Amino acid sequence: MKILFVSQHYRPEPFRLSDICEDLVERGHEVTVLTGVPNYPEGKIYADYRNRQNRRETIEGVTVFRSYTIPRGKNTLHRILNYFSFAISSSIGVLLGQYKAKDGSEFDCVFVNQTSPVMMAWAGMAYKNKYKKPLFLYCMDVWPDSLTVGGVKQDSLIFKLFKFISKKVYRASDYIFVTSPSFKNHFVNQFDITEQKITYLPQYAEDLFIPDESRVNKESVDLTFAGNIGKAQNLETILKAASLIEKNTDLPKKIHFHFVGDGTELLSMKALAHELELKNVSFYGRRSLEEMPTFYKKSDAMLVSLIGDSIVSRTIPGKVQSYMAAGKPIIGAISGDTKTIVEEANCGYVSSEQDVEQLAQNICEFSMLSIEEQKELGKQARSYYEKHFSKEQFMTQLEKYLREEFSS
């Protein structure tokens with residue numbers, strides 16, 4: 001098959017879509033990606049892509065076209081310009097016929113990997129309408145509800161505008177894949193989309209995340225949060241729990257919190273840690289995907305948190321699959337589908353999003369487990385991952401749906 005993927009973000013930016021596309025190439029498909037100029041998460045164009053460098057390149061067998069993109073910067077105005085610049089420029093490129101398969105023919109289908117913003121799907125819609133090809137959409141972030149994380153009220157004109165835009169995008173899609181089961185009902189109820197169009201397709205972890213059996217007893221308990229540091233991640237709850245724990249002198253071991261990642265709230269979280277005078281917290285900034293297993297190896301458990309009271313709280317963050325693939329216990333301040341997964345897998349502890357005291361208590365309880373008990377939680381995480389989230393399952397299911405549409 002000849003597949004056109006549309007996504008504002010792609011390698012060298014840290015997104016799993018790159019792994020998916022490269023695997024499809026290995027399976028014999030021709031894959032082309034229409035994406036933006038890399039600038040995530042720092043908000044600056046990467047050095048190798050400035051001055052119109054590398055606007056078309058081949059990465060691991062994948063043809064990559066990069067459409068004009070204003071970098072996201074550090075403020076709301078630049079973020080808006082970033083969103084619309086890619087959406088408009090990529091759509092214009094499609095309408096002008098700039099993107100073709102290697103032999104100059106049309107693609108068999110178009111696949112939108114929809115993170116934020118939802119407007120990145122416009123180019124996919126344009127391709128569907130121009131060439132009458134099926135449109136697949138993989139929904140990572142549900143819009144416009146994701147805007148509420150940034151303080152946009154549901155009764156505001158901005159929210160209503162983006163709800164109109166989102167409804168157009170989702171209803172234009174022939175097939176929608178969702179990363180969390182809760183998203184199904186949301187699409188049916190909010191956008192009047194038939195349930196038959198929606199399929200639950202959970203994310204997987206890259207192959208480099210594997211269990212490590214070399215853990216030994218040590219003087220501290222190390223907990224790691226890995227990933228984007230934004231408002232949705234609710235790290236304030238974790239830091240306040242760290243403050244309570246630091247004041248607890250009865251614990252047999254010191255507990256240290258490690259935060260690996262970057263994002264819009266990194267400076268705010270550092271400031272909060274300083275305000276709370278935390279000595280048990282370390283920030284490492286953004287690290288490459290290849291560096292992450294080193295941090296995992298040093299960790300006794302992994303942390304996950306999200307804000308509550310919205311569809312966002314029902315998201316299954318991609319880090320959950322990475323944690324489980326690495327065979328790590330999970331301690332979460334989270335509800336919804338992620339809470340269900342941790343409880344079904346019996347691989348850790350979960351408290352509600354804002355319950356600082358319960359999170360601190362869960363962490364203390366975990367710290368008093370023996371190494372063997374901690375390892376058992378990790379083994380149960382890995383077992384659940386292999387049963388429900390493996391890469392082979394994901395790729396087989398994805399390829400099945402693409403082939404069924406192509407052959408119909």
# chains A, B, ... in the order shown; residues from 1 in each chain; ligands from 1
$ residues_around --residues "Trp122 in chain A" --least-positions-apart "4" --cutoff "10 Å" --atoms "only C-alpha atoms" --output "PyMOL selection string"
chain A and resi 6+86-92+94+112+118+126-128+165+168-169+172
$ write_last_selection --atoms "C-alpha atoms" --output "compact mmCIF listing (two decimals), in the first residue's frame"
# COMPACT_ATOMS: atom_id res chain seq x y z
CA VAL A 6 -0.24 13.62 8.19
CA PHE A 86 1.13 24.13 9.60
CA ALA A 87 -2.58 23.45 9.14
CA ILE A 88 -2.93 26.05 6.38
CA SER A 89 0.41 25.52 4.59
CA SER A 90 0.08 21.72 4.50
CA SER A 91 -3.50 21.95 3.21
CA ILE A 92 -2.46 24.36 0.47
CA VAL A 94 -2.18 19.13 -0.83
CA VAL A 112 -3.85 11.56 10.35
CA VAL A 118 -6.95 19.13 15.76
CA ALA A 126 -8.09 18.11 1.81
CA TYR A 127 -6.44 14.97 0.43
CA LYS A 128 -9.60 12.92 0.99
CA ILE A 165 -13.82 22.87 13.87
CA LYS A 168 -15.99 18.95 11.13
CA VAL A 169 -12.70 17.04 11.41
CA ALA A 172 -15.08 13.91 7.98
$ select_by_dssp --residues "range 138-302 of chain A" --states "helix (DSSP H, G or I)" --output "ChimeraX atom specification"
/A:145-150,157-172,182-191,195-197,231-233,235-246,266-275,289-297
$ write_last_selection --atoms "C-alpha atoms" --output "short mmCIF file (atom, residue, chain, number, x, y, z; two decimals), in the first residue's frame"
data_model
loop_
_atom_site.label_atom_id
_atom_site.label_comp_id
_atom_site.auth_asym_id
_atom_site.auth_seq_id
_atom_site.Cartn_x
_atom_site.Cartn_y
_atom_site.Cartn_z
CA ASP A 145 -11.67 19.50 25.49
CA SER A 146 -7.85 19.61 25.55
CA LEU A 147 -8.16 23.41 25.57
CA THR A 148 -9.74 23.36 29.02
CA VAL A 149 -6.36 22.32 30.42
CA GLY A 150 -5.05 25.75 29.45
CA LEU A 157 -16.42 31.70 22.11
CA ILE A 158 -12.98 30.13 21.59
CA PHE A 159 -14.17 26.77 22.89
CA LYS A 160 -17.32 26.90 20.76
CA LEU A 161 -15.28 27.81 17.67
CA PHE A 162 -12.92 24.88 18.15
CA LYS A 163 -15.82 22.55 18.90
CA PHE A 164 -17.23 23.48 15.49
CA ILE A 165 -13.82 22.87 13.87
CA SER A 166 -13.34 19.59 15.76
CA LYS A 167 -16.75 18.29 14.80
CA LYS A 168 -15.99 18.95 11.13
CA VAL A 169 -12.70 17.04 11.41
CA TYR A 170 -14.03 14.05 13.30
CA ARG A 171 -17.15 13.67 11.17
CA ALA A 172 -15.08 13.91 7.98
CA SER A 182 -13.64 6.28 27.29
CA PHE A 183 -13.11 8.27 24.11
CA LYS A 184 -15.67 6.12 22.28
CA ASN A 185 -18.67 7.36 24.24
CA HIS A 186 -17.33 10.89 24.08
CA PHE A 187 -17.25 10.87 20.28
CA VAL A 188 -20.73 9.36 20.08
CA ASN A 189 -22.26 11.80 22.56
CA GLN A 190 -20.40 15.01 21.66
CA PHE A 191 -20.03 14.69 17.90
CA GLU A 195 -19.88 3.82 17.16
CA GLN A 196 -19.05 1.56 14.19
CA LYS A 197 -16.56 4.16 12.93
CA LYS A 231 -0.60 21.68 32.85
CA ALA A 232 -2.35 18.41 31.99
CA GLN A 233 0.32 16.39 33.78
CA LEU A 235 2.88 17.59 38.63
CA GLU A 236 1.95 19.99 41.40
CA THR A 237 0.25 17.11 43.19
CA ILE A 238 3.41 14.99 43.02
CA LEU A 239 5.62 17.83 44.30
CA LYS A 240 3.29 18.50 47.24
CA ALA A 241 3.36 14.79 48.05
CA ALA A 242 7.16 14.93 47.89
CA SER A 243 7.04 17.76 50.44
CA LEU A 244 4.96 15.69 52.85
CA ILE A 245 7.30 12.73 52.43
CA GLU A 246 10.41 14.80 53.01
CA LEU A 266 8.89 22.97 33.71
CA LEU A 267 9.97 26.37 35.02
CA SER A 268 6.84 26.65 37.17
CA MET A 269 7.45 23.21 38.67
CA LYS A 270 11.08 24.08 39.40
CA ALA A 271 9.87 27.25 41.09
CA LEU A 272 7.38 25.29 43.17
CA ALA A 273 10.07 22.81 44.20
CA HIS A 274 12.24 25.75 45.26
CA GLU A 275 9.34 27.35 47.15
CA LEU A 289 14.52 8.46 23.61
CA GLU A 290 17.72 6.42 23.58
CA GLU A 291 18.70 7.81 27.00
CA MET A 292 15.41 6.93 28.68
CA PRO A 293 16.15 3.24 29.49
CA THR A 294 19.05 4.43 31.67
CA PHE A 295 16.65 6.45 33.82
CA TYR A 296 14.18 3.57 33.91
CA LYS A 297 16.88 1.17 35.07
#
$ closest_residue --among "A:Ile334, A:Leu251, A:Ile198, A:Val260" --to "Leu369 in chain A" --atoms "only C-alpha atoms"
A:Leu251
$ select_by_dssp --residues "range 26-145 of chain A" --states "strand (DSSP E)" --output "short mmCIF file (atom, residue, chain, number, x, y, z; two decimals) with C-alpha atoms, in the first residue's frame"
data_model
loop_
_atom_site.label_atom_id
_atom_site.label_comp_id
_atom_site.auth_asym_id
_atom_site.auth_seq_id
_atom_site.Cartn_x
_atom_site.Cartn_y
_atom_site.Cartn_z
CA GLU A 30 5.40 2.77 0.85
CA VAL A 31 5.09 5.42 3.52
CA THR A 32 5.19 9.20 3.08
CA VAL A 33 4.82 11.69 5.92
CA LEU A 34 3.57 15.25 5.60
CA THR A 35 4.76 17.06 8.72
CA GLY A 36 5.96 20.37 10.10
CA ARG A 56 12.28 16.88 1.90
CA GLU A 57 14.28 13.94 3.19
CA THR A 58 14.23 10.18 3.60
CA ILE A 59 14.46 8.79 7.15
CA VAL A 62 10.15 6.96 4.99
CA THR A 63 9.77 9.93 2.64
CA VAL A 64 9.26 13.08 4.72
CA PHE A 65 7.83 16.37 3.42
CA ARG A 66 8.03 19.35 5.78
CA SER A 67 5.52 22.15 5.36
CA CYS A 109 -5.26 6.32 1.80
CA VAL A 110 -4.42 9.16 4.17
CA PHE A 111 -3.80 8.65 7.88
CA VAL A 112 -3.85 11.56 10.35
CA ASN A 113 -1.95 11.07 13.60
CA GLN A 114 -3.89 13.68 15.56
CA LEU A 135 -9.33 9.09 5.76
CA PHE A 136 -8.13 7.37 8.94
CA LEU A 137 -7.66 9.43 12.08
CA TYR A 138 -5.79 8.31 15.20
CA CYS A 139 -6.96 10.54 18.06
#
$ residues_around --residues "Glu392 in chain A" --least-positions-apart "2" --cutoff "12 Å" --atoms "only C-alpha atoms" --output "JSON, numbers by chain"
{"A": [20, 23, 24, 27, 202, 203, 204, 205, 206, 207, 385, 386, 387, 388, 389, 390, 394, 395, 396, 397, 398, 399, 400]}
$ residues_around --residues "Pro134 in chain A" --least-positions-apart "4" --cutoff "12 Å" --atoms "only C-alpha atoms" --output "PDB file with C-alpha atoms, in the first residue's frame"
ATOM      1  CA  ILE A   3       0.080   5.542   2.631  1.00  0.00           C
ATOM      2  CA  LEU A   4       0.246   9.280   3.320  1.00  0.00           C
ATOM      3  CA  PHE A 107      -1.735   7.451  -2.257  1.00  0.00           C
ATOM      4  CA  ASP A 108      -4.162   4.661  -1.429  1.00  0.00           C
ATOM      5  CA  CYS A 109      -5.260   6.317   1.804  1.00  0.00           C
ATOM      6  CA  VAL A 110      -4.418   9.159   4.167  1.00  0.00           C
ATOM      7  CA  PHE A 111      -3.801   8.651   7.882  1.00  0.00           C
ATOM      8  CA  VAL A 112      -3.851  11.562  10.349  1.00  0.00           C
ATOM      9  CA  GLY A 124      -5.846  14.926   5.490  1.00  0.00           C
ATOM     10  CA  MET A 125      -9.354  16.214   4.856  1.00  0.00           C
ATOM     11  CA  ALA A 126      -8.092  18.115   1.815  1.00  0.00           C
ATOM     12  CA  TYR A 127      -6.445  14.971   0.430  1.00  0.00           C
ATOM     13  CA  LYS A 128      -9.601  12.917   0.987  1.00  0.00           C
ATOM     14  CA  ASN A 129     -11.780  15.490  -0.782  1.00  0.00           C
ATOM     15  CA  LYS A 130      -9.369  16.076  -3.676  1.00  0.00           C
ATOM     16  CA  ALA A 172     -15.075  13.909   7.979  1.00  0.00           C
ATOM     17  CA  SER A 173     -12.990  10.916   9.063  1.00  0.00           C
ATOM     18  CA  ASP A 174     -14.007   7.543   7.678  1.00  0.00           C
ATOM     19  CA  TYR A 175     -12.408   5.667  10.574  1.00  0.00           C
ATOM     20  CA  ILE A 176     -11.336   6.910  13.997  1.00  0.00           C
ATOM     21  CA  TYR A 401      -7.783  -2.145   9.108  1.00  0.00           C
ATOM     22  CA  LEU A 402      -5.751  -0.473   6.371  1.00  0.00           C
ATOM     23  CA  ARG A 403      -5.775  -3.585   4.195  1.00  0.00           C
ATOM     24  CA  GLU A 404      -9.507  -4.170   4.720  1.00  0.00           C
ATOM     25  CA  GLU A 405     -10.307  -0.695   3.435  1.00  0.00           C
ATOM     26  CA  PHE A 406      -7.874  -1.011   0.538  1.00  0.00           C
ATOM     27  CA  SER A 407      -9.312  -4.340  -0.587  1.00  0.00           C
ATOM     28  CA  SER A 408     -12.964  -3.347  -0.156  1.00  0.00           C
TER      29      SER A 408
END
$ closest_residue --among "A:Arg55, A:Arg72, A:Lys279, A:Glu376" --to "Gly263 in chain A" --atoms "only C-alpha atoms"
A:Arg72
$ residues_around --residues "Val281 in chain A" --least-positions-apart "6" --cutoff "6 Å" --atoms "only C-alpha atoms" --output "JSON, numbers by chain"
{"A": [256, 257, 258]}
$ closest_residue --among "A:Pro329, A:Ala226, A:Thr249, A:Lys319" --to "Tyr284 in chain A" --atoms "only C-alpha atoms"
A:Ala226
$ closest_residue --among "A:Lys2, A:Gly61, A:Asn51, A:Tyr10" --to "Val25 in chain A" --atoms "only C-alpha atoms"
A:Gly61
$ residues_around --residues "range 352-355 of chain A" --least-positions-apart "5" --cutoff "9 Å" --atoms "only C-alpha atoms" --output "PDB file with C-alpha atoms, in the first residue's frame"
ATOM      1  CA  ASN A 234      -0.629  17.795  37.194  1.00  0.00           C
ATOM      2  CA  THR A 237       0.248  17.115  43.191  1.00  0.00           C
ATOM      3  CA  ALA A 241       3.361  14.794  48.050  1.00  0.00           C
ATOM      4  CA  SER A 305      -0.548  11.998  36.960  1.00  0.00           C
ATOM      5  CA  LEU A 306      -3.196  13.990  35.113  1.00  0.00           C
ATOM      6  CA  ILE A 307      -5.620  16.750  35.973  1.00  0.00           C
ATOM      7  CA  GLY A 308      -9.162  15.650  36.775  1.00  0.00           C
ATOM      8  CA  SER A 313      -8.386  12.736  32.859  1.00  0.00           C
ATOM      9  CA  GLY A 332      -0.440   7.297  39.924  1.00  0.00           C
ATOM     10  CA  ALA A 333      -2.531  10.305  40.845  1.00  0.00           C
ATOM     11  CA  ILE A 334      -5.048   9.636  38.138  1.00  0.00           C
ATOM     12  CA  SER A 335      -8.545   8.338  37.386  1.00  0.00           C
ATOM     13  CA  LYS A 339      -6.628   3.812  37.009  1.00  0.00           C
ATOM     14  CA  ALA A 360       2.155  10.402  49.705  1.00  0.00           C
TER      15      ALA A 360
END
$ atom_distance --atom1 "CA of Gln374 in chain A" --atom2 "CA of Pro252 in chain A"
15.6 Å
